Amino acid sequence: MFRADATTVGVSDAHLMAEIVAARPVRQTERSVYKPAGGADIPHDSATRTIRALGQDVTAGIRKPPPPARGLAGAWPYAPTSYLRRWLFGSDPLPVSLLAKRGITRSDTLSRLVDRAVTAWPGSGTGSARPESDSADGTTALAGLIRGAENPLERKQAVAMYRRASATLCDGVAALAGNALWLLRAAPEPREELTAVLWETLRLLPPAWMLYRNGGDAYAGLHPEIRAEGNIALLPLLMHRHPEHWSDPLEFRPERWTGVADPEKTPGFMPFGFDGARCWAKHLVVPLAERLLTVALEHGLTIRSPRQDAPVPLRSLLAVRFEAAVGT
Ligand code: HEM
């Protein structure tokens, strides 16, 4: 536990973190994917429909042949983010596919224009049956939720869900695969199972390195440093390196995960959050990252930046920045 600034404390102790998470539910406004959209909370059934649709799109994407691997060359994690968008959502027609495009999502004005264009997308808002899978015209199940929306609010929220779900997926998986490649650069051959590599990456360089809570009375009393009006930063990044839980905590050792049936039951390890607010997409993230890593390694992707140091900007997602080249 340490004071980060006048209003925020940082926590890396596993027991205290669990108590903080259990003290009150995550507020609607603290959620990232399911924070309110169109001026209203996201109803639970619409949230579960979104995650089901995303699951269908990831499963279908993993089975599809990947785009040409040269798309993985360049600046990571941007190159794989665009690559994943093309792979998974590239079959959606304009303007829907623009919802997921990086150049657009970075501009509020362009985003608003695209949102309007999608609202006028032929077939949207007709209240047609909700497609449960990749529809016959090849569009994604997430796009199907926009087309199947029954009223303007539902459509607005479906547009927001498409944008947030596709962005969270592609950014998160690109960050995870990039962090794994960075850690693998010095690993001796033969390589461990990629699944074990990814769990070890989630330990040492977890994309969700910090979970934030905006204060509240529920936390006062859990620790003398925590004030009712103060904010709390929970830090899996530090917890995952605590010598109380890990031998050689700073070493990249994928073999520690070999034969571990349920890595998330490991004490002091929470790459996808805690009970009560755990990630809804965790079962999609690791298989997709594994598929992406396989494509990268099969095509001889190599890191061209210096081998010891790389920038890691202080953002909500922890992602090592490096330049990569594709060999074969
Ligand atoms: C590498 C990718 C991802 C990582 C590392 C990750 C990690 C996490 C973590 C640590 C939490 C807990 C947050 C907290 O307690 O404050 C969380 C929650 C959540 N994640 Fe993910 N996530 C990833 C991708 C996704 C994707 C693609 C989606 C779906 C579109 C998603 C949906 C959610 C939802 C809905 C919650 C909140 C659960 C709730 O509010 O109760 N995540 N995620």
# chains A, B, ... in the order shown; residues from 1 in each chain; ligands from 1

$ closest_atom_pairs --of "chain A" --to "ligand 1" --cutoff "6 Å" --atoms "only C-alpha atoms and all ligand atoms" --output "JSON lines"
{"residue": "A:Arg31", "atom": "CA", "partner": "ligand 1", "partner_atom_place_in_ligand_line": "40 (O)", "distance": 5.3}
{"residue": "A:Val33", "atom": "CA", "partner": "ligand 1", "partner_atom_place_in_ligand_line": "35 (C)", "distance": 5.5}
{"residue": "A:Tyr34", "atom": "CA", "partner": "ligand 1", "partner_atom_place_in_ligand_line": "35 (C)", "distance": 5.9}
{"residue": "A:Ala165", "atom": "CA", "partner": "ligand 1", "partner_atom_place_in_ligand_line": "30 (C)", "distance": 3.6}
{"residue": "A:Thr168", "atom": "CA", "partner": "ligand 1", "partner_atom_place_in_ligand_line": "27 (C)", "distance": 4.6}
{"residue": "A:Leu169", "atom": "CA", "partner": "ligand 1", "partner_atom_place_in_ligand_line": "27 (C)", "distance": 3.4}
{"residue": "A:Gly172", "atom": "CA", "partner": "ligand 1", "partner_atom_place_in_ligand_line": "1 (C)", "distance": 3.5}
{"residue": "A:Val173", "atom": "CA", "partner": "ligand 1", "partner_atom_place_in_ligand_line": "1 (C)", "distance": 4.7}
{"residue": "A:Leu176", "atom": "CA", "partner": "ligand 1", "partner_atom_place_in_ligand_line": "1 (C)", "distance": 5.8}
{"residue": "A:Pro207", "atom": "CA", "partner": "ligand 1", "partner_atom_place_in_ligand_line": "5 (C)", "distance": 5.0}
{"residue": "A:Ala208", "atom": "CA", "partner": "ligand 1", "partner_atom_place_in_ligand_line": "5 (C)", "distance": 4.7}
{"residue": "A:Leu211", "atom": "CA", "partner": "ligand 1", "partner_atom_place_in_ligand_line": "16 (O)", "distance": 4.4}
{"residue": "A:Tyr212", "atom": "CA", "partner": "ligand 1", "partner_atom_place_in_ligand_line": "16 (O)", "distance": 5.8}
{"residue": "A:Pro271", "atom": "CA", "partner": "ligand 1", "partner_atom_place_in_ligand_line": "10 (C)", "distance": 5.3}
{"residue": "A:Phe272", "atom": "CA", "partner": "ligand 1", "partner_atom_place_in_ligand_line": "10 (C)", "distance": 3.7}
{"residue": "A:Gly273", "atom": "CA", "partner": "ligand 1", "partner_atom_place_in_ligand_line": "12 (C)", "distance": 3.7}
{"residue": "A:Ala277", "atom": "CA", "partner": "ligand 1", "partner_atom_place_in_ligand_line": "41 (O)", "distance": 3.5}
{"residue": "A:Arg278", "atom": "CA", "partner": "ligand 1", "partner_atom_place_in_ligand_line": "18 (C)", "distance": 5.0}
{"residue": "A:Cys279", "atom": "CA", "partner": "ligand 1", "partner_atom_place_in_ligand_line": "19 (C)", "distance": 3.5}
{"residue": "A:Trp280", "atom": "CA", "partner": "ligand 1", "partner_atom_place_in_ligand_line": "33 (C)", "distance": 4.6}
{"residue": "A:Ala281", "atom": "CA", "partner": "ligand 1", "partner_atom_place_in_ligand_line": "28 (C)", "distance": 4.6}
{"residue": "A:Val285", "atom": "CA", "partner": "ligand 1", "partner_atom_place_in_ligand_line": "2 (C)", "distance": 5.6}

$ closest_atom_pairs --of "stretch 12-37 of chain A" --to "stretch 235-245 of chain A" --cutoff "8 Å" --atoms "only C-alpha atoms" --output "JSON lines"
{"residue": "A:Ser12", "atom": "CA", "partner": "A:Met239", "partner_atom": "CA", "distance": 4.8}
{"residue": "A:Asp13", "atom": "CA", "partner": "A:Met239", "partner_atom": "CA", "distance": 6.2}
{"residue": "A:Ala14", "atom": "CA", "partner": "A:Met239", "partner_atom": "CA", "distance": 6.4}

$ residues_around --residues "stretch 162-164 of chain A" --least-positions-apart "4" --cutoff "8 Å" --atoms "only C-alpha atoms" --output "tab-separated table (two decimals) with N, CA and C atoms, in the first residue's frame"
chain	number	residue	atom	x	y	z
A	33	VAL	N	-16.37	-1.38	-20.83
A	33	VAL	CA	-17.16	-1.80	-22.00
A	33	VAL	C	-18.65	-1.46	-21.79
A	99	LEU	N	-16.57	1.62	-37.73
A	99	LEU	CA	-16.70	1.78	-36.27
A	99	LEU	C	-15.44	1.27	-35.57
A	100	ALA	N	-14.80	0.27	-36.17
A	100	ALA	CA	-13.66	-0.38	-35.52
A	100	ALA	C	-12.32	0.15	-36.03
A	142	LEU	N	-21.79	-9.26	-34.10
A	142	LEU	CA	-21.88	-7.94	-33.43
A	142	LEU	C	-22.63	-6.95	-34.32
A	143	ALA	N	-22.33	-6.98	-35.65
A	143	ALA	CA	-23.04	-6.09	-36.57
A	143	ALA	C	-24.51	-6.48	-36.63
A	158	ALA	N	-26.19	-0.48	-29.37
A	158	ALA	CA	-25.54	-1.56	-30.13
A	158	ALA	C	-24.33	-1.02	-30.90
A	168	THR	N	-11.80	-3.10	-27.45
A	168	THR	CA	-11.22	-3.75	-26.26
A	168	THR	C	-10.56	-5.07	-26.67

$ select_by_dssp --residues "stretch 39-265 of chain A" --states "strand (DSSP E or B)" --output "short mmCIF file (atom, residue, chain, number, x, y, z; two decimals) with C-alpha atoms, in the first residue's frame"
data_model
loop_
_atom_site.label_atom_id
_atom_site.label_comp_id
_atom_site.auth_asym_id
_atom_site.auth_seq_id
_atom_site.Cartn_x
_atom_site.Cartn_y
_atom_site.Cartn_z
CA ALA A 40 -28.81 5.12 -20.39
CA GLY A 74 5.78 -2.35 -38.31
CA ALA A 75 5.00 -0.64 -35.04
CA TRP A 76 3.60 -2.88 -32.31
CA LEU A 211 -7.82 -1.40 -11.84
CA TYR A 212 -9.26 1.88 -10.63
CA ARG A 213 -11.97 2.56 -8.05
CA ASN A 231 -9.47 6.86 -5.02
CA ILE A 232 -7.82 3.47 -5.17
CA ALA A 233 -5.52 2.02 -7.82
CA LEU A 234 -5.30 -1.78 -7.54
#

$ residues_around --residues "A:Val114" --least-positions-apart "3" --cutoff "7 Å" --atoms "only C-alpha atoms" --output "list of chain:residue names"
A:Pro95, A:Leu98, A:Leu99, A:Leu110, A:Ser111, A:Ala117, A:Val118

$ write_last_selection --atoms "N, CA and C atoms" --output "tab-separated table (two decimals), in the first residue's frame"
chain	number	residue	atom	x	y	z
A	95	PRO	N	-20.86	1.37	-43.56
A	95	PRO	CA	-19.94	2.08	-42.67
A	95	PRO	C	-19.67	1.33	-41.36
A	98	LEU	N	-16.18	0.76	-40.29
A	98	LEU	CA	-15.45	1.97	-39.87
A	98	LEU	C	-15.53	2.18	-38.36
A	99	LEU	N	-16.57	1.62	-37.73
A	99	LEU	CA	-16.70	1.78	-36.27
A	99	LEU	C	-15.44	1.27	-35.57
A	110	LEU	N	-14.98	12.29	-36.14
A	110	LEU	CA	-15.16	11.21	-37.12
A	110	LEU	C	-16.02	10.10	-36.54
A	111	SER	N	-15.81	9.81	-35.25
A	111	SER	CA	-16.60	8.75	-34.61
A	111	SER	C	-18.09	9.09	-34.68
A	117	ALA	N	-23.80	7.56	-39.72
A	117	ALA	CA	-23.89	6.80	-40.97
A	117	ALA	C	-24.39	5.38	-40.68
A	118	VAL	N	-23.93	4.80	-39.56
A	118	VAL	CA	-24.35	3.42	-39.24
A	118	VAL	C	-25.84	3.40	-38.91

$ closest_atom_pairs --of "stretch 34-78 of chain A" --to "stretch 137-141 of chain A" --cutoff "10 Å" --atoms "only C-alpha atoms" --output "JSON lines"
{"residue": "A:Arg49", "atom": "CA", "partner": "A:Ala141", "partner_atom": "CA", "distance": 9.7}
{"residue": "A:Thr50", "atom": "CA", "partner": "A:Ala141", "partner_atom": "CA", "distance": 8.7}
{"residue": "A:Arg52", "atom": "CA", "partner": "A:Ala141", "partner_atom": "CA", "distance": 8.6}
{"residue": "A:Ala53", "atom": "CA", "partner": "A:Ala141", "partner_atom": "CA", "distance": 5.0}
{"residue": "A:Leu54", "atom": "CA", "partner": "A:Ala141", "partner_atom": "CA", "distance": 7.0}
{"residue": "A:Gly55", "atom": "CA", "partner": "A:Ala141", "partner_atom": "CA", "distance": 8.9}
{"residue": "A:Gln56", "atom": "CA", "partner": "A:Ala141", "partner_atom": "CA", "distance": 6.7}
{"residue": "A:Asp57", "atom": "CA", "partner": "A:Thr140", "partner_atom": "CA", "distance": 6.0}
{"residue": "A:Val58", "atom": "CA", "partner": "A:Thr140", "partner_atom": "CA", "distance": 9.6}
{"residue": "A:Ala60", "atom": "CA", "partner": "A:Thr140", "partner_atom": "CA", "distance": 9.0}
{"residue": "A:Gly61", "atom": "CA", "partner": "A:Thr140", "partner_atom": "CA", "distance": 9.6}

$ write_last_selection --atoms "C-alpha atoms" --output "JSON list (two decimals), in the first residue's frame"
[["chain", "number", "residue", "atom", "x", "y", "z"],
["A", 49, "ARG", "CA", -26.04, -10.64, -26.01],
["A", 50, "THR", "CA", -22.98, -8.54, -26.87],
["A", 52, "ARG", "CA", -22.23, -13.91, -26.91],
["A", 53, "ALA", "CA", -21.99, -12.20, -30.29],
["A", 54, "LEU", "CA", -18.33, -11.35, -29.68],
["A", 55, "GLY", "CA", -17.70, -14.97, -28.76],
["A", 56, "GLN", "CA", -19.23, -16.11, -32.05],
["A", 57, "ASP", "CA", -17.16, -13.62, -34.00],
["A", 58, "VAL", "CA", -13.92, -14.66, -32.29],
["A", 60, "ALA", "CA", -15.46, -17.75, -36.48],
["A", 61, "GLY", "CA", -12.37, -15.51, -36.84]]

$ residues_around --residues "A:Trp182" --least-positions-apart "4" --cutoff "12 Å" --atoms "only C-alpha atoms" --output "PDB file with N, CA and C atoms, in the first residue's frame"
ATOM      1  N   TRP A  76       4.488  -2.155 -33.229  1.00  0.00           N
ATOM      2  CA  TRP A  76       3.599  -2.882 -32.308  1.00  0.00           C
ATOM      3  C   TRP A  76       3.279  -2.000 -31.118  1.00  0.00           C
ATOM      4  N   PRO A  77       2.081  -2.034 -30.532  1.00  0.00           N
ATOM      5  CA  PRO A  77       0.971  -2.938 -30.836  1.00  0.00           C
ATOM      6  C   PRO A  77       0.001  -2.440 -31.915  1.00  0.00           C
ATOM      7  N   ALA A 175      -1.968  -6.160 -27.324  1.00  0.00           N
ATOM      8  CA  ALA A 175      -1.057  -5.848 -26.214  1.00  0.00           C
ATOM      9  C   ALA A 175      -0.508  -7.138 -25.610  1.00  0.00           C
ATOM     10  N   LEU A 176      -1.382  -8.100 -25.388  1.00  0.00           N
ATOM     11  CA  LEU A 176      -0.947  -9.360 -24.767  1.00  0.00           C
ATOM     12  C   LEU A 176       0.053 -10.098 -25.668  1.00  0.00           C
ATOM     13  N   ALA A 177      -0.268 -10.195 -26.965  1.00  0.00           N
ATOM     14  CA  ALA A 177       0.626 -10.916 -27.883  1.00  0.00           C
ATOM     15  C   ALA A 177       1.957 -10.170 -28.010  1.00  0.00           C
ATOM     16  N   GLY A 178       1.912  -8.838 -28.059  1.00  0.00           N
ATOM     17  CA  GLY A 178       3.139  -8.045 -28.158  1.00  0.00           C
ATOM     18  C   GLY A 178       4.003  -8.203 -26.915  1.00  0.00           C
ATOM     19  N   ALA A 186      14.213 -13.237 -25.569  1.00  0.00           N
ATOM     20  CA  ALA A 186      15.451 -13.726 -24.971  1.00  0.00           C
ATOM     21  C   ALA A 186      15.319 -15.171 -24.498  1.00  0.00           C
ATOM     22  N   ALA A 187      14.140 -15.784 -24.780  1.00  0.00           N
ATOM     23  CA  ALA A 187      13.911 -17.132 -24.229  1.00  0.00           C
ATOM     24  C   ALA A 187      14.694 -18.170 -25.020  1.00  0.00           C
ATOM     25  N   VAL A 197       3.240 -19.625 -22.186  1.00  0.00           N
ATOM     26  CA  VAL A 197       3.904 -18.341 -22.449  1.00  0.00           C
ATOM     27  C   VAL A 197       2.935 -17.190 -22.181  1.00  0.00           C
ATOM     28  N   LEU A 198       1.687 -17.372 -22.621  1.00  0.00           N
ATOM     29  CA  LEU A 198       0.713 -16.289 -22.452  1.00  0.00           C
ATOM     30  C   LEU A 198       0.331 -16.090 -20.982  1.00  0.00           C
ATOM     31  N   THR A 201       3.088 -14.266 -19.447  1.00  0.00           N
ATOM     32  CA  THR A 201       3.042 -12.862 -19.878  1.00  0.00           C
ATOM     33  C   THR A 201       1.975 -12.112 -19.089  1.00  0.00           C
ATOM     34  N   LEU A 204       3.719 -11.287 -15.762  1.00  0.00           N
ATOM     35  CA  LEU A 204       4.809 -10.302 -15.711  1.00  0.00           C
ATOM     36  C   LEU A 204       4.454  -8.962 -16.359  1.00  0.00           C
ATOM     37  N   LEU A 205       3.739  -9.017 -17.471  1.00  0.00           N
ATOM     38  CA  LEU A 205       3.358  -7.780 -18.168  1.00  0.00           C
ATOM     39  C   LEU A 205       1.851  -7.807 -18.438  1.00  0.00           C
ATOM     40  N   PHE A 252      11.164 -14.536 -16.349  1.00  0.00           N
ATOM     41  CA  PHE A 252      10.145 -15.011 -17.299  1.00  0.00           C
ATOM     42  C   PHE A 252      10.286 -16.519 -17.407  1.00  0.00           C
ATOM     43  N   LEU A 293      -0.155 -15.113 -32.083  1.00  0.00           N
ATOM     44  CA  LEU A 293       1.270 -15.405 -31.851  1.00  0.00           C
ATOM     45  C   LEU A 293       1.759 -16.497 -32.789  1.00  0.00           C
ATOM     46  N   LEU A 301       8.368 -13.569 -37.501  1.00  0.00           N
ATOM     47  CA  LEU A 301       8.348 -12.187 -37.024  1.00  0.00           C
ATOM     48  C   LEU A 301       9.477 -11.946 -36.020  1.00  0.00           C
ATOM     49  N   THR A 302      10.238 -10.890 -36.251  1.00  0.00           N
ATOM     50  CA  THR A 302      11.332 -10.590 -35.307  1.00  0.00           C
ATOM     51  C   THR A 302      11.243  -9.139 -34.855  1.00  0.00           C
ATOM     52  N   ILE A 303      11.746  -8.909 -33.648  1.00  0.00           N
ATOM     53  CA  ILE A 303      11.739  -7.562 -33.087  1.00  0.00           C
ATOM     54  C   ILE A 303      12.995  -6.840 -33.572  1.00  0.00           C
ATOM     55  N   ARG A 304      12.803  -5.658 -34.171  1.00  0.00           N
ATOM     56  CA  ARG A 304      13.959  -4.948 -34.734  1.00  0.00           C
ATOM     57  C   ARG A 304      14.510  -3.892 -33.786  1.00  0.00           C
ATOM     58  N   SER A 305      13.734  -3.554 -32.737  1.00  0.00           N
ATOM     59  CA  SER A 305      14.203  -2.500 -31.822  1.00  0.00           C
ATOM     60  C   SER A 305      15.313  -3.074 -30.947  1.00  0.00           C
ATOM     61  N   PRO A 306      15.992  -2.219 -30.150  1.00  0.00           N
ATOM     62  CA  PRO A 306      16.997  -2.745 -29.221  1.00  0.00           C
ATOM     63  C   PRO A 306      16.399  -3.828 -28.342  1.00  0.00           C
ATOM     64  N   ARG A 307      17.207  -4.814 -27.985  1.00  0.00           N
ATOM     65  CA  ARG A 307      16.654  -5.984 -27.306  1.00  0.00           C
ATOM     66  C   ARG A 307      16.402  -5.782 -25.816  1.00  0.00           C
ATOM     67  N   GLN A 308      17.030  -4.782 -25.218  1.00  0.00           N
ATOM     68  CA  GLN A 308      16.917  -4.655 -23.761  1.00  0.00           C
ATOM     69  C   GLN A 308      15.860  -3.652 -23.300  1.00  0.00           C
ATOM     70  N   ASP A 309      15.700  -2.563 -24.051  1.00  0.00           N
ATOM     71  CA  ASP A 309      14.812  -1.494 -23.598  1.00  0.00           C
ATOM     72  C   ASP A 309      13.735  -1.219 -24.620  1.00  0.00           C
ATOM     73  N   ALA A 310      12.543  -0.894 -24.132  1.00  0.00           N
ATOM     74  CA  ALA A 310      11.479  -0.481 -25.037  1.00  0.00           C
ATOM     75  C   ALA A 310      10.545   0.429 -24.254  1.00  0.00           C
ATOM     76  N   PRO A 311       9.938   1.412 -24.920  1.00  0.00           N
ATOM     77  CA  PRO A 311       9.024   2.303 -24.196  1.00  0.00           C
ATOM     78  C   PRO A 311       7.718   1.600 -23.840  1.00  0.00           C
ATOM     79  N   VAL A 312       7.197   1.922 -22.664  1.00  0.00           N
ATOM     80  CA  VAL A 312       5.877   1.424 -22.246  1.00  0.00           C
ATOM     81  C   VAL A 312       5.102   2.637 -21.729  1.00  0.00           C
ATOM     82  N   ALA A 319       1.275  -2.020 -22.805  1.00  0.00           N
ATOM     83  CA  ALA A 319       1.713  -2.657 -24.056  1.00  0.00           C
ATOM     84  C   ALA A 319       3.107  -2.160 -24.409  1.00  0.00           C
ATOM     85  N   VAL A 320       4.060  -3.095 -24.550  1.00  0.00           N
ATOM     86  CA  VAL A 320       5.428  -2.724 -24.918  1.00  0.00           C
ATOM     87  C   VAL A 320       5.425  -2.249 -26.371  1.00  0.00           C
ATOM     88  N   ARG A 321       6.122  -1.139 -26.631  1.00  0.00           N
ATOM     89  CA  ARG A 321       6.224  -0.608 -28.007  1.00  0.00           C
ATOM     90  C   ARG A 321       7.515  -1.107 -28.647  1.00  0.00           C
ATOM     91  N   PHE A 322       7.404  -1.692 -29.841  1.00  0.00           N
ATOM     92  CA  PHE A 322       8.619  -2.066 -30.582  1.00  0.00           C
ATOM     93  C   PHE A 322       8.306  -2.155 -32.069  1.00  0.00           C
ATOM     94  N   GLU A 323       9.378  -2.196 -32.874  1.00  0.00           N
ATOM     95  CA  GLU A 323       9.245  -2.345 -34.322  1.00  0.00           C
ATOM     96  C   GLU A 323       9.476  -3.810 -34.665  1.00  0.00           C
ATOM     97  N   ALA A 324       8.663  -4.349 -35.559  1.00  0.00           N
ATOM     98  CA  ALA A 324       8.832  -5.760 -35.914  1.00  0.00           C
ATOM     99  C   ALA A 324       8.952  -5.913 -37.428  1.00  0.00           C
TER     100      ALA A 324
END
